[in-house]
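Engineer: One structure follows; several queries about it will come next.
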Amino acid sequence: MIIGVEDVLAGAGKPPLGPPRRHTVVKRDRRSPWNRPRDRVIAAVIAVIAVAAGVTVWANSESRATVSQTADPGPALPEAATAVPAQLSELWQAPSAAAPVPIAEGNAAVTANGGELDGRDPLTGQVRWRYSRDLPLCTAAEGWARAVALYRNDGVNGETGCSEVVALDPGTGHRMAQRTGSAPLGTGLVSDGAYVTAFGTTLLNTWRDDLVETAEYGKVPALVNPDKQPRVGCTYGSIAMASSRVGVVERCPNDPGDRITVFRAAPKESDSPQVSFSEILPGYHARMVAMSGDYVAVAMPDQKQLVLYGPDGAELSAYPLDLPASDLDHDPAGGVPATSSTAANVYWFTGSKLMAFARDTLTPKWTLSSALGPGVLFDHQLVVPIQGGLAVLNEEDGSTIRTIGVDRHGYTGPVRLAALGPVLLEQRGATLAALR
């Protein structure tokens, strides 16, 4: 007799009653690794760091630091008169310390001051559009019928320079192009209409209208191919441009005199200059005066001569230069000579006098004493700033047609001019004034 044993097979041979029973397998969900309190804290910290980083990037980005208030184009200006009026009155004035020459294009005048560019109505001075950065302006000028401005910031080599470049539509303030470059502090801008070059004492940068760099000349930062630059130990005194060429006065340690070099504004490779010619000058302290077509004019103070060079660097002629020593005892501000041009002549302000050269050959034509700057065409006549007002001159011989008194409120320094329809703009140091 078996006691306490259960027959587990009892009934095993009996068929099941009804249809077969389905068995459901229940799976347990795997526990999330982020369900623990510690994991949730870590996730929250990561999220906070990501948000903080995004805010920091945005707060320090160019977009955050830029104010751009654009506008529709302003109304057309009245047509210019057939002759300069006998009297001109001041319409308005505004600070514009960063623009050495008035920026005037179409129907807008642009002032550049602090970190801001303002597009103004030439007749009223009212601000139509505004472009502002939290960086100071280095300089601003007209190029490609746009307002071109350089802002001070760290450049591509980490050194402080005028590295932020922007081109704005002067009528609307819309940004047309922008780039980060390597222009140095103290730079000046010069243009031949097709290209703009930023001058530096050791580096020249040339751009086309979309601000793509077409040429570098001199001590290039982060130089990759050191053999492409012809001379990297030189300094530069002054610059001019014409016909897609750049001319510069170089001062190199081993040269027996200053050097005049002309190179293409758009060579095949931007970091490989295409030099048209480079010639040693007959002395030191040379100053670039002007370029026009294939001709270059250079002032030699020690020899008291104006020397003209042809397209291959050959000296064509030399003319006596009767100027006060103070006119040529230093390089021009920003390396750019104070010049202007019309269809007939090129005008150079020496610092005390105005010299006129034939546009085609740069041959000297006449000189006006006691000028304050180069002339411009206004109401179809040549107008030149002088002490106490303006002189209306005959372009052919420099004879005075008449003078017009202008109250400059005690300012007696150099004056640069630009014309917009019936409005004459005067850049008086750090102030832009409009006359009509």
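Scheme for the structure tokens: letters A, B, ... for chains in order shown; per-chain residue numbers from 1; ligand numbers from 1 in order shown.
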Run DSSP on the backbone and give me the residues of region 217-294 of chain A it puts in strand (DSSP E or B), as a PyMOL selection string.
Structural biologist: chain A and resi 217-218+235-242+245-251+259-264+269+272+275-280+287-292
Engineer: Taking N, CA, C and O atoms for each residue, export the selection above as a compact mmCIF listing (two decimals), in the first residue's frame.
Structural biologist:
```txt
# COMPACT_ATOMS: atom_id res chain seq x y z
N TYR A 217 47.65 90.52 -51.89
CA TYR A 217 49.02 90.95 -52.21
C TYR A 217 49.71 91.36 -50.93
O TYR A 217 49.24 92.25 -50.21
N GLY A 218 50.84 90.71 -50.64
CA GLY A 218 51.62 91.09 -49.47
C GLY A 218 51.72 89.98 -48.46
O GLY A 218 51.85 88.80 -48.79
N THR A 235 56.56 97.16 -46.91
CA THR A 235 55.40 97.91 -46.44
C THR A 235 54.90 98.78 -47.58
O THR A 235 55.62 99.08 -48.53
N TYR A 236 53.63 99.19 -47.47
CA TYR A 236 52.98 99.92 -48.56
C TYR A 236 52.61 101.33 -48.10
O TYR A 236 52.16 101.53 -46.98
N GLY A 237 52.83 102.29 -49.02
CA GLY A 237 52.57 103.67 -48.67
C GLY A 237 51.26 104.22 -49.18
O GLY A 237 50.52 104.88 -48.45
N SER A 238 50.94 103.95 -50.45
CA SER A 238 49.71 104.48 -51.03
C SER A 238 49.32 103.64 -52.23
O SER A 238 50.13 102.87 -52.77
N ILE A 239 48.07 103.79 -52.67
CA ILE A 239 47.47 102.89 -53.64
C ILE A 239 46.55 103.66 -54.58
O ILE A 239 46.04 104.72 -54.24
N ALA A 240 46.35 103.12 -55.78
CA ALA A 240 45.36 103.64 -56.72
C ALA A 240 44.88 102.47 -57.58
O ALA A 240 45.52 101.42 -57.63
N MET A 241 43.75 102.66 -58.27
CA MET A 241 43.20 101.62 -59.14
C MET A 241 42.67 102.23 -60.42
O MET A 241 42.20 103.37 -60.45
N ALA A 242 42.73 101.43 -61.51
CA ALA A 242 42.13 101.81 -62.79
C ALA A 242 42.16 100.60 -63.71
O ALA A 242 43.12 99.82 -63.69
N ARG A 245 43.25 97.13 -62.57
CA ARG A 245 44.63 97.01 -62.12
C ARG A 245 44.80 97.79 -60.83
O ARG A 245 44.12 98.79 -60.59
N VAL A 246 45.72 97.31 -60.00
CA VAL A 246 46.02 97.94 -58.72
C VAL A 246 47.47 98.41 -58.75
O VAL A 246 48.37 97.65 -59.12
N GLY A 247 47.69 99.67 -58.39
CA GLY A 247 49.03 100.21 -58.31
C GLY A 247 49.36 100.57 -56.87
O GLY A 247 48.54 101.15 -56.16
N VAL A 248 50.57 100.21 -56.42
CA VAL A 248 50.94 100.46 -55.03
C VAL A 248 52.40 100.87 -54.94
O VAL A 248 53.25 100.38 -55.69
N VAL A 249 52.67 101.81 -54.03
CA VAL A 249 54.05 102.18 -53.71
C VAL A 249 54.54 101.25 -52.60
O VAL A 249 53.95 101.20 -51.52
N GLU A 250 55.61 100.51 -52.90
CA GLU A 250 56.19 99.57 -51.94
C GLU A 250 57.51 100.12 -51.39
O GLU A 250 58.25 100.81 -52.09
N ARG A 251 57.78 99.74 -50.14
CA ARG A 251 59.06 100.06 -49.50
C ARG A 251 59.65 98.77 -48.96
O ARG A 251 59.15 98.22 -47.98
N ARG A 259 59.47 101.49 -54.56
CA ARG A 259 59.13 100.67 -55.72
C ARG A 259 57.67 100.93 -56.12
O ARG A 259 56.79 101.04 -55.26
N ILE A 260 57.40 101.02 -57.42
CA ILE A 260 56.03 101.10 -57.92
C ILE A 260 55.68 99.75 -58.55
O ILE A 260 56.40 99.26 -59.43
N THR A 261 54.61 99.15 -58.08
CA THR A 261 54.18 97.85 -58.58
C THR A 261 52.73 97.94 -59.04
O THR A 261 51.89 98.53 -58.35
N VAL A 262 52.45 97.37 -60.19
CA VAL A 262 51.09 97.30 -60.73
C VAL A 262 50.76 95.83 -60.97
O VAL A 262 51.53 95.12 -61.61
N PHE A 263 49.61 95.38 -60.45
CA PHE A 263 49.19 94.00 -60.64
C PHE A 263 47.71 93.93 -60.99
O PHE A 263 46.96 94.89 -60.76
N ARG A 264 47.31 92.79 -61.53
CA ARG A 264 45.92 92.61 -61.96
C ARG A 264 45.00 92.46 -60.75
O ARG A 264 45.34 91.81 -59.77
N GLU A 269 44.59 82.96 -59.95
CA GLU A 269 44.47 82.48 -58.58
C GLU A 269 44.60 83.66 -57.63
O GLU A 269 45.52 84.46 -57.77
N SER A 272 47.93 84.23 -55.90
CA SER A 272 49.11 84.27 -56.77
C SER A 272 49.05 85.53 -57.63
O SER A 272 48.43 85.54 -58.70
N VAL A 275 51.59 90.20 -61.69
CA VAL A 275 52.22 91.52 -61.71
C VAL A 275 52.44 91.98 -63.15
O VAL A 275 53.06 91.27 -63.95
N SER A 276 51.95 93.17 -63.46
CA SER A 276 52.19 93.76 -64.79
C SER A 276 53.61 94.33 -64.86
O SER A 276 54.31 94.14 -65.86
N PHE A 277 54.03 95.03 -63.83
CA PHE A 277 55.42 95.49 -63.74
C PHE A 277 55.71 95.91 -62.31
O PHE A 277 54.81 96.20 -61.51
N SER A 278 56.98 95.94 -61.96
CA SER A 278 57.44 96.41 -60.66
C SER A 278 58.80 97.06 -60.87
O SER A 278 59.76 96.38 -61.27
N GLU A 279 58.89 98.37 -60.65
CA GLU A 279 60.10 99.13 -60.94
C GLU A 279 60.57 99.92 -59.72
O GLU A 279 59.76 100.46 -58.97
N ILE A 280 61.89 99.98 -59.56
CA ILE A 280 62.48 100.79 -58.50
C ILE A 280 62.38 102.26 -58.90
O ILE A 280 62.71 102.65 -60.02
N ARG A 287 54.80 108.95 -53.43
CA ARG A 287 53.36 108.89 -53.17
C ARG A 287 52.63 108.61 -54.46
O ARG A 287 52.88 109.26 -55.49
N MET A 288 51.74 107.64 -54.42
CA MET A 288 50.86 107.40 -55.56
C MET A 288 49.94 108.60 -55.73
O MET A 288 49.36 109.11 -54.75
N VAL A 289 49.81 109.05 -56.97
CA VAL A 289 48.92 110.17 -57.25
C VAL A 289 47.64 109.69 -57.90
O VAL A 289 46.53 109.94 -57.42
N ALA A 290 47.76 108.97 -59.04
CA ALA A 290 46.56 108.54 -59.74
C ALA A 290 46.91 107.48 -60.77
O ALA A 290 48.08 107.34 -61.18
N MET A 291 45.90 106.73 -61.19
CA MET A 291 46.00 105.82 -62.32
C MET A 291 44.83 106.11 -63.25
O MET A 291 43.73 106.45 -62.82
N SER A 292 45.08 105.95 -64.53
CA SER A 292 44.03 106.13 -65.54
C SER A 292 44.40 105.33 -66.76
O SER A 292 45.47 105.55 -67.36
```
Engineer: Set the distance at 12 Å and use only C-alpha atoms: which residues neighbour Glu159 (chain A) once local chain neighbours fewer than 3 positions away are removed? I'd like the list as a list in words.
Structural biologist: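 Non-adjacent residues within range: Arg152, Asn153, Asp154, Gly155, Val156, Cys162, Ser163, Gly181, Ser182, Ala183, Pro184, Leu185, Pro221 and Ala222 of chain A.
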Engineer: Could you check which of A:Asn113, A:Ala145, A:Leu432, A:Leu77 is closest to Ala97 (chain A), using only C-alpha atoms?
Structural biologist: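 Closest candidate: A:Asn113.
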Engineer: Give me, as number ranges by chain, all polymer residues having an atom no more than 9 Å from Lys365 (chain A), counting only C-alpha atoms and skipping those fewer than 5 positions away in the same chain.
Structural biologist: A: 345, 355-358, 396-398
Engineer: What is the CA of Pro273 (chain A)-CA of Val307 (chain A) distance in Å, reported with one decimal?
Structural biologist: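 Value for the CA of Pro273 (chain A)-CA of Val307 (chain A) distance: 24.7 Å.
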Engineer: For Val110 (chain A), which of A:Ala147, A:Ala338, A:Leu135, A:Ala198 is the closest residue, counting only C-alpha atoms?
Structural biologist: A:Ala147
Engineer: Could you state the separation of CA of Ala371 (chain A) and CA of Val148 (chain A) in Å, given to one decimal place?
Structural biologist: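 Distance between the two atoms: 28.0 Å.
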Engineer: Could you produce a table of the residues of region 82-173 of chain A lying within 9 Å of region 190-197 of chain A, with the nearest pair of atoms per residue and their separation in Å rounded to one decimal, using only C-alpha atoms, ordered by chain and increasing residue number, as JSON lines?
Structural biologist:
```
{"residue": "A:Ala141", "atom": "CA", "partner": "A:Val190", "partner_atom": "CA", "distance": 8.2}
{"residue": "A:Glu142", "atom": "CA", "partner": "A:Ser191", "partner_atom": "CA", "distance": 8.1}
{"residue": "A:Gly143", "atom": "CA", "partner": "A:Ser191", "partner_atom": "CA", "distance": 6.2}
{"residue": "A:Trp144", "atom": "CA", "partner": "A:Gly193", "partner_atom": "CA", "distance": 5.8}
{"residue": "A:Ala145", "atom": "CA", "partner": "A:Gly193", "partner_atom": "CA", "distance": 8.3}
```
Engineer: I need the residue nearest Ala333 (chain A) from this list: A:Thr124, A:Thr66, A:Leu316, A:Phe199. Use only C-alpha atoms for the distance.
Structural biologist: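 So, comparing all the options, the nearest one is A:Phe199.
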Engineer: Identify, on the basis of only C-alpha atoms, every residue whose closest approach to Glu116 (chain A) does not exceed 8 Å; exclude the query and any residue fewer than 4 positions from it along the same chain; express the result as an MDAnalysis selection string.
Structural biologist: chainID A and resid 112 130:133 137
Engineer: Measuring atom to atom with only C-alpha atoms, identify which of A:Glu105, A:Tyr295, A:Thr187, A:Val232 is nearest to Glu315 (chain A).
Structural biologist: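 The shortest atom-to-atom distance to Glu315 (chain A) comes from A:Tyr295.
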Engineer: Interatomic distance between CA of Pro256 (chain A) and CA of Met300 (chain A)?
Structural biologist: 14.4 Å
Engineer: Taking into account only C-alpha atoms, which residue in the set A:Leu150, A:Leu393, A:Leu123, A:Ala65 is nearest to Gly421 (chain A)?
Structural biologist: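 Of all the options, A:Leu123 lies closest to Gly421 (chain A).
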Engineer: So, counting only C-alpha atoms, which residue among A:Pro267, A:Pro253, A:Gly186, A:Gly310 is closest to Trp207 (chain A)?
Structural biologist: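 For Trp207 (chain A), the nearest of the candidates is A:Pro267.
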Engineer: Which residues, written as a PyMOL selection string, have at least one atom at most 6 Å from region 378-388 of chain A, with only C-alpha atoms counted and residues fewer than 5 positions away on the same chain left out?
Structural biologist: chain A and resi 80-84+371-373+393+405-406+419
Engineer: What's the 10 Å shell around Thr172 (chain A), counting only C-alpha atoms, without same-chain residues fewer than 6 positions away, as an MDAnalysis selection string?
Structural biologist: chainID A and resid 69:74 108 119:120 128:130
Engineer: Residues within 7 Å of Pro320 (chain A), please, as an NGL selection string. Count only C-alpha atoms; anything in the same chain fewer than 2 positions from it doesn't count.
Structural biologist: :A and (304-306 or 318 or 322)
Engineer: Take the selection from the previous step and output its residues with N, CA and C atoms, as a compact mmCIF listing (two decimals), in the first residue's frame.
Structural biologist:
```
# COMPACT_ATOMS: atom_id res chain seq x y z
N LYS A 304 61.15 116.63 -56.24
CA LYS A 304 60.14 117.64 -56.59
C LYS A 304 59.65 117.44 -58.01
N GLN A 305 59.28 116.18 -58.27
CA GLN A 305 58.82 115.83 -59.62
C GLN A 305 57.55 114.97 -59.55
N LEU A 306 56.75 115.08 -60.60
CA LEU A 306 55.64 114.17 -60.87
C LEU A 306 56.10 113.29 -62.03
N ALA A 318 58.50 113.38 -66.91
CA ALA A 318 58.55 113.91 -65.55
C ALA A 318 58.27 115.40 -65.61
N ASP A 322 55.69 121.78 -57.78
CA ASP A 322 55.88 122.91 -56.86
C ASP A 322 54.82 122.85 -55.77
```
